[in-house]
Amino acid sequence: MRALLALLIICVAGCAQTAPGVTVLTYASPFSPSHPFSRADVAWMKWVEQQSNGSIDIQPYWSGSLLSSEHSMHELRHGVADVGLITPIYARGGAHLIRAQAGFYGGLETFEEQTSLWRCLVAAEPQFQRELHDLKILAVQGGNLPGIVTRDRPVRSLEDLRGLRLRAPSELLSVLKDLGADPIDMPMGEVYSALAKGVLDGVVAPPDTLRSLHFAEVAQYFNTIKIPRGAYAARAMSEQRWRTLTDAQRDLLERSTEVWEKSLAAELLVANEAGMAAGREHRVEFHDMPPDQQARFDALYERDGEARARNLARFGIDGMPAYRLARSIAAQVKDDFGIRCSRDET
């Protein structure tokens, strides 16, 4: 059905009258226009159109009408849209290192730190480019640190996770299993319904989702444990479409990366505050994780990250250099040295 719709849209776009000298680019996202990601996308579109003096016209398609979360990279490579939001950390296959590296970010808390580490890893390890083949990356995305949202049982310690069925990103599944939880990975768009029906007891998610995904309506508790969040390539176009653009257009889109990422960072900060406010409005109870429990979680997270890096060997990938580089950079940040890319530790 999605393929048929994509073909129809491409045909309509091809038949539509376009002013001479105007290049139309379609943009696709699985999120609604009101989502914080989408608001940043719109800011990017307006900037590109303005800077191009109207010679680039970007037509958005929201809410998963063209791209899916699981197959977005594959769909984009095949021209379902010109530009799109990709989620390699949810890819069903072909992005093994990208999925694993999302668990290497312990100690990094800001969007800027997360995206800087990603770029260090990509510069040092050619496997990332192999997994992103035939895609031109236009923006990298980090995010607000997740906590734990629960439906009807408060989490006050790690022991309280035992027996809870939680939706969590793939890099956390084994950590949560070690803590006695029953974690599953599912598209975030399905979580609201699962929480409302009691299929899930909770979800690992940042505070912004209390409003943006309406979790405050179906959950009563939020634990503010600091769960690391990885960065990943998040906006892209196919290399084939990229090559059809003029040099001036490619230069403009290269310059737009900084604009897009700053918009994403700003929207996520605003969304975080709005999510906390929505939680308070819906009488969500907020609980902090005790320091000793946070330290125990951090140790489990780091141990699991190393195990995930070693397990990449079954795909013929040596994940240890990337893991060691990530931990070296995180140590620099902890010691207030900032992020400096270096392979000294690899």
# chains A, B, ... in the order shown; residues from 1 in each chain; ligands from 1

$ residues_around --residues "Leu325 of chain A" --least-positions-apart "3" --cutoff "12 Å" --atoms "only C-alpha atoms" --output "ChimeraX atom specification"
/A:101,104-105,117-125,306,309,319-322,328-332,339-346

$ residues_around --residues "segment 182-190 of chain A" --least-positions-apart "5" --cutoff "9 Å" --atoms "only C-alpha atoms" --output "VMD selection string"
chain A and resid 30 to 31 69 to 70 90 161 to 170 172 to 174 176 to 177 195 203 213

$ write_last_selection --atoms "N, CA, C and O atoms" --output "compact mmCIF listing (two decimals), in the first residue's frame"
# COMPACT_ATOMS: atom_id res chain seq x y z
N PRO A 30 7.91 10.05 9.31
CA PRO A 30 6.87 9.24 9.95
C PRO A 30 6.11 9.99 11.04
O PRO A 30 5.13 9.47 11.58
N PHE A 31 6.57 11.21 11.36
CA PHE A 31 5.96 11.97 12.45
C PHE A 31 4.94 12.98 11.92
O PHE A 31 4.99 13.38 10.75
N SER A 69 9.41 3.76 9.78
CA SER A 69 10.54 3.80 10.69
C SER A 69 11.52 2.66 10.42
O SER A 69 12.73 2.84 10.44
N GLU A 70 10.99 1.47 10.15
CA GLU A 70 11.84 0.29 10.02
C GLU A 70 12.60 0.23 8.70
O GLU A 70 13.71 -0.27 8.62
N TYR A 90 16.60 1.69 14.18
CA TYR A 90 15.46 0.78 14.16
C TYR A 90 15.47 -0.11 12.92
O TYR A 90 14.53 -0.87 12.70
N LEU A 161 11.92 -2.33 38.72
CA LEU A 161 11.79 -2.66 37.30
C LEU A 161 11.44 -4.13 37.09
O LEU A 161 10.97 -4.51 36.01
N ARG A 162 11.67 -4.92 38.10
CA ARG A 162 11.48 -6.36 37.97
C ARG A 162 10.03 -6.68 37.58
O ARG A 162 9.07 -6.25 38.24
N GLY A 163 9.90 -7.44 36.50
CA GLY A 163 8.57 -7.87 36.05
C GLY A 163 7.84 -6.89 35.15
O GLY A 163 6.79 -7.24 34.59
N LEU A 164 8.36 -5.67 34.98
CA LEU A 164 7.67 -4.68 34.16
C LEU A 164 7.92 -4.95 32.67
O LEU A 164 9.05 -5.17 32.24
N ARG A 165 6.86 -4.90 31.90
CA ARG A 165 6.98 -5.01 30.44
C ARG A 165 7.16 -3.60 29.88
O ARG A 165 6.23 -2.79 29.89
N LEU A 166 8.36 -3.32 29.41
CA LEU A 166 8.73 -1.97 29.00
C LEU A 166 9.12 -1.93 27.53
O LEU A 166 9.87 -2.78 27.05
N ARG A 167 8.66 -0.92 26.84
CA ARG A 167 9.18 -0.66 25.51
C ARG A 167 10.50 0.10 25.69
O ARG A 167 10.58 1.07 26.44
N ALA A 168 11.54 -0.37 25.01
CA ALA A 168 12.86 0.24 25.15
C ALA A 168 13.61 0.14 23.83
O ALA A 168 13.35 -0.77 23.03
N PRO A 169 14.56 1.04 23.59
CA PRO A 169 15.39 0.92 22.39
C PRO A 169 16.27 -0.31 22.48
O PRO A 169 16.55 -0.83 23.56
N SER A 170 16.73 -0.77 21.33
CA SER A 170 17.44 -2.05 21.27
C SER A 170 18.68 -2.08 22.15
O SER A 170 19.02 -3.12 22.72
N LEU A 172 19.13 -1.05 25.00
CA LEU A 172 18.83 -1.21 26.42
C LEU A 172 18.20 -2.55 26.77
O LEU A 172 17.98 -2.84 27.94
N LEU A 173 17.88 -3.35 25.78
CA LEU A 173 17.12 -4.56 26.05
C LEU A 173 17.83 -5.50 27.02
O LEU A 173 17.23 -5.98 27.98
N SER A 174 19.11 -5.74 26.79
CA SER A 174 19.81 -6.69 27.67
C SER A 174 20.05 -6.11 29.05
O SER A 174 20.03 -6.83 30.05
N LEU A 176 18.05 -4.05 30.66
CA LEU A 176 16.79 -4.16 31.38
C LEU A 176 16.47 -5.62 31.74
O LEU A 176 15.90 -5.89 32.80
N LYS A 177 16.84 -6.55 30.87
CA LYS A 177 16.65 -7.96 31.20
C LYS A 177 17.47 -8.35 32.42
O LYS A 177 17.00 -9.09 33.30
N LEU A 195 0.14 1.20 25.97
CA LEU A 195 0.03 1.65 27.36
C LEU A 195 -1.43 1.76 27.79
O LEU A 195 -1.81 1.33 28.88
N VAL A 203 7.46 2.62 29.37
CA VAL A 203 8.29 2.89 28.22
C VAL A 203 9.50 3.70 28.65
O VAL A 203 9.40 4.56 29.53
N LEU A 213 3.86 12.77 22.52
CA LEU A 213 3.20 11.49 22.23
C LEU A 213 2.06 11.21 23.20
O LEU A 213 1.53 10.09 23.22

$ residues_around --residues "Gln141 of chain A" --least-positions-apart "4" --cutoff "12 Å" --atoms "only C-alpha atoms" --output "ChimeraX atom specification"
/A:37,40-41,85-89,102,110-119,137,229-236,257-258,260-268

$ select_by_dssp --residues "segment 80-311 of chain A" --states "helix (DSSP H, G or I)" --output "ChimeraX atom specification"
/A:88-90,96-101,111-124,127-131,158-161,170-178,188-197,209-212,215-217,239-244,247-281,291-311

$ residues_around --residues "segment 274-276 of chain A" --least-positions-apart "4" --cutoff "7 Å" --atoms "only C-alpha atoms" --output "MDAnalysis selection string"
chainID A and resid 207:211 270 280

$ select_by_dssp --residues "segment 129-248 of chain A" --states "strand (DSSP E)" --output "PyMOL selection string"
chain A and resi 135-141+147-150+165-167+182-184+202-205+221-223+232-238

$ write_last_selection --atoms "N, CA and C atoms" --output "PDB file, in the first residue's frame"
ATOM      1  N   LEU A 135      23.465   6.903   0.541  1.00  0.00           N
ATOM      2  CA  LEU A 135      22.724   7.980   1.192  1.00  0.00           C
ATOM      3  C   LEU A 135      23.635   9.172   1.434  1.00  0.00           C
ATOM      4  N   LYS A 136      23.116  10.347   1.195  1.00  0.00           N
ATOM      5  CA  LYS A 136      23.801  11.591   1.550  1.00  0.00           C
ATOM      6  C   LYS A 136      23.185  12.082   2.851  1.00  0.00           C
ATOM      7  N   ILE A 137      23.987  12.110   3.916  1.00  0.00           N
ATOM      8  CA  ILE A 137      23.477  12.511   5.228  1.00  0.00           C
ATOM      9  C   ILE A 137      23.422  14.028   5.325  1.00  0.00           C
ATOM     10  N   LEU A 138      22.257  14.549   5.692  1.00  0.00           N
ATOM     11  CA  LEU A 138      22.052  15.991   5.783  1.00  0.00           C
ATOM     12  C   LEU A 138      21.960  16.491   7.214  1.00  0.00           C
ATOM     13  N   ALA A 139      21.703  15.614   8.165  1.00  0.00           N
ATOM     14  CA  ALA A 139      21.664  16.048   9.570  1.00  0.00           C
ATOM     15  C   ALA A 139      21.817  14.835  10.486  1.00  0.00           C
ATOM     16  N   VAL A 140      22.463  15.087  11.620  1.00  0.00           N
ATOM     17  CA  VAL A 140      22.655  14.078  12.674  1.00  0.00           C
ATOM     18  C   VAL A 140      21.816  14.494  13.865  1.00  0.00           C
ATOM     19  N   GLN A 141      21.271  13.539  14.561  1.00  0.00           N
ATOM     20  CA  GLN A 141      20.360  13.837  15.657  1.00  0.00           C
ATOM     21  C   GLN A 141      20.765  13.160  16.948  1.00  0.00           C
ATOM     22  N   GLY A 147      13.970   8.853  30.532  1.00  0.00           N
ATOM     23  CA  GLY A 147      13.707   8.322  31.856  1.00  0.00           C
ATOM     24  C   GLY A 147      12.809   7.109  31.688  1.00  0.00           C
ATOM     25  N   ILE A 148      12.065   6.760  32.719  1.00  0.00           N
ATOM     26  CA  ILE A 148      11.178   5.601  32.641  1.00  0.00           C
ATOM     27  C   ILE A 148       9.760   6.035  32.980  1.00  0.00           C
ATOM     28  N   VAL A 149       8.879   5.932  31.997  1.00  0.00           N
ATOM     29  CA  VAL A 149       7.459   6.252  32.154  1.00  0.00           C
ATOM     30  C   VAL A 149       6.719   4.959  32.473  1.00  0.00           C
ATOM     31  N   THR A 150       5.913   4.964  33.542  1.00  0.00           N
ATOM     32  CA  THR A 150       5.159   3.750  33.874  1.00  0.00           C
ATOM     33  C   THR A 150       3.670   4.058  34.045  1.00  0.00           C
ATOM     34  N   ARG A 165       6.858  -4.896  31.899  1.00  0.00           N
ATOM     35  CA  ARG A 165       6.976  -5.010  30.442  1.00  0.00           C
ATOM     36  C   ARG A 165       7.161  -3.598  29.884  1.00  0.00           C
ATOM     37  N   LEU A 166       8.363  -3.325  29.410  1.00  0.00           N
ATOM     38  CA  LEU A 166       8.733  -1.969  29.002  1.00  0.00           C
ATOM     39  C   LEU A 166       9.121  -1.925  27.533  1.00  0.00           C
ATOM     40  N   ARG A 167       8.657  -0.923  26.841  1.00  0.00           N
ATOM     41  CA  ARG A 167       9.181  -0.656  25.505  1.00  0.00           C
ATOM     42  C   ARG A 167      10.495   0.096  25.690  1.00  0.00           C
ATOM     43  N   ASP A 182      10.961  -6.982  31.543  1.00  0.00           N
ATOM     44  CA  ASP A 182      10.597  -7.713  30.325  1.00  0.00           C
ATOM     45  C   ASP A 182      10.529  -6.689  29.190  1.00  0.00           C
ATOM     46  N   PRO A 183      11.692  -6.325  28.631  1.00  0.00           N
ATOM     47  CA  PRO A 183      11.711  -5.262  27.622  1.00  0.00           C
ATOM     48  C   PRO A 183      11.392  -5.774  26.226  1.00  0.00           C
ATOM     49  N   ILE A 184      10.758  -4.922  25.434  1.00  0.00           N
ATOM     50  CA  ILE A 184      10.495  -5.230  24.034  1.00  0.00           C
ATOM     51  C   ILE A 184      10.809  -3.986  23.204  1.00  0.00           C
ATOM     52  N   GLY A 202       5.116   0.171  30.749  1.00  0.00           N
ATOM     53  CA  GLY A 202       5.833   1.433  30.681  1.00  0.00           C
ATOM     54  C   GLY A 202       6.699   1.518  29.448  1.00  0.00           C
ATOM     55  N   VAL A 203       7.459   2.618  29.373  1.00  0.00           N
ATOM     56  CA  VAL A 203       8.291   2.886  28.216  1.00  0.00           C
ATOM     57  C   VAL A 203       9.499   3.702  28.653  1.00  0.00           C
ATOM     58  N   VAL A 204      10.642   3.397  28.074  1.00  0.00           N
ATOM     59  CA  VAL A 204      11.832   4.218  28.272  1.00  0.00           C
ATOM     60  C   VAL A 204      11.733   5.364  27.279  1.00  0.00           C
ATOM     61  N   ALA A 205      11.565   6.573  27.785  1.00  0.00           N
ATOM     62  CA  ALA A 205      11.330   7.717  26.911  1.00  0.00           C
ATOM     63  C   ALA A 205      11.667   9.004  27.642  1.00  0.00           C
ATOM     64  N   TYR A 221       3.384   7.751  36.227  1.00  0.00           N
ATOM     65  CA  TYR A 221       4.664   7.926  36.920  1.00  0.00           C
ATOM     66  C   TYR A 221       5.808   8.143  35.928  1.00  0.00           C
ATOM     67  N   PHE A 222       6.796   8.898  36.393  1.00  0.00           N
ATOM     68  CA  PHE A 222       8.008   9.128  35.590  1.00  0.00           C
ATOM     69  C   PHE A 222       9.203   9.106  36.528  1.00  0.00           C
ATOM     70  N   ASN A 223      10.157   8.204  36.242  1.00  0.00           N
ATOM     71  CA  ASN A 223      11.402   8.186  37.003  1.00  0.00           C
ATOM     72  C   ASN A 223      12.472   8.888  36.181  1.00  0.00           C
ATOM     73  N   TYR A 232      22.652   9.527  15.871  1.00  0.00           N
ATOM     74  CA  TYR A 232      22.637   8.751  14.632  1.00  0.00           C
ATOM     75  C   TYR A 232      22.321   9.673  13.459  1.00  0.00           C
ATOM     76  N   ALA A 233      22.690   9.233  12.262  1.00  0.00           N
ATOM     77  CA  ALA A 233      22.317   9.961  11.050  1.00  0.00           C
ATOM     78  C   ALA A 233      20.797   9.923  10.932  1.00  0.00           C
ATOM     79  N   ALA A 234      20.161  11.101  10.813  1.00  0.00           N
ATOM     80  CA  ALA A 234      18.709  11.140  10.952  1.00  0.00           C
ATOM     81  C   ALA A 234      17.972  11.815   9.796  1.00  0.00           C
ATOM     82  N   ARG A 235      18.660  12.550   8.947  1.00  0.00           N
ATOM     83  CA  ARG A 235      18.021  13.164   7.779  1.00  0.00           C
ATOM     84  C   ARG A 235      18.937  12.917   6.583  1.00  0.00           C
ATOM     85  N   ALA A 236      18.358  12.495   5.490  1.00  0.00           N
ATOM     86  CA  ALA A 236      19.207  12.101   4.367  1.00  0.00           C
ATOM     87  C   ALA A 236      18.445  12.196   3.054  1.00  0.00           C
ATOM     88  N   MET A 237      19.198  12.094   1.958  1.00  0.00           N
ATOM     89  CA  MET A 237      18.617  11.914   0.642  1.00  0.00           C
ATOM     90  C   MET A 237      19.447  10.874  -0.095  1.00  0.00           C
ATOM     91  N   SER A 238      18.883  10.301  -1.133  1.00  0.00           N
ATOM     92  CA  SER A 238      19.635   9.281  -1.859  1.00  0.00           C
ATOM     93  C   SER A 238      20.783   9.931  -2.612  1.00  0.00           C
TER      94      SER A 238
END
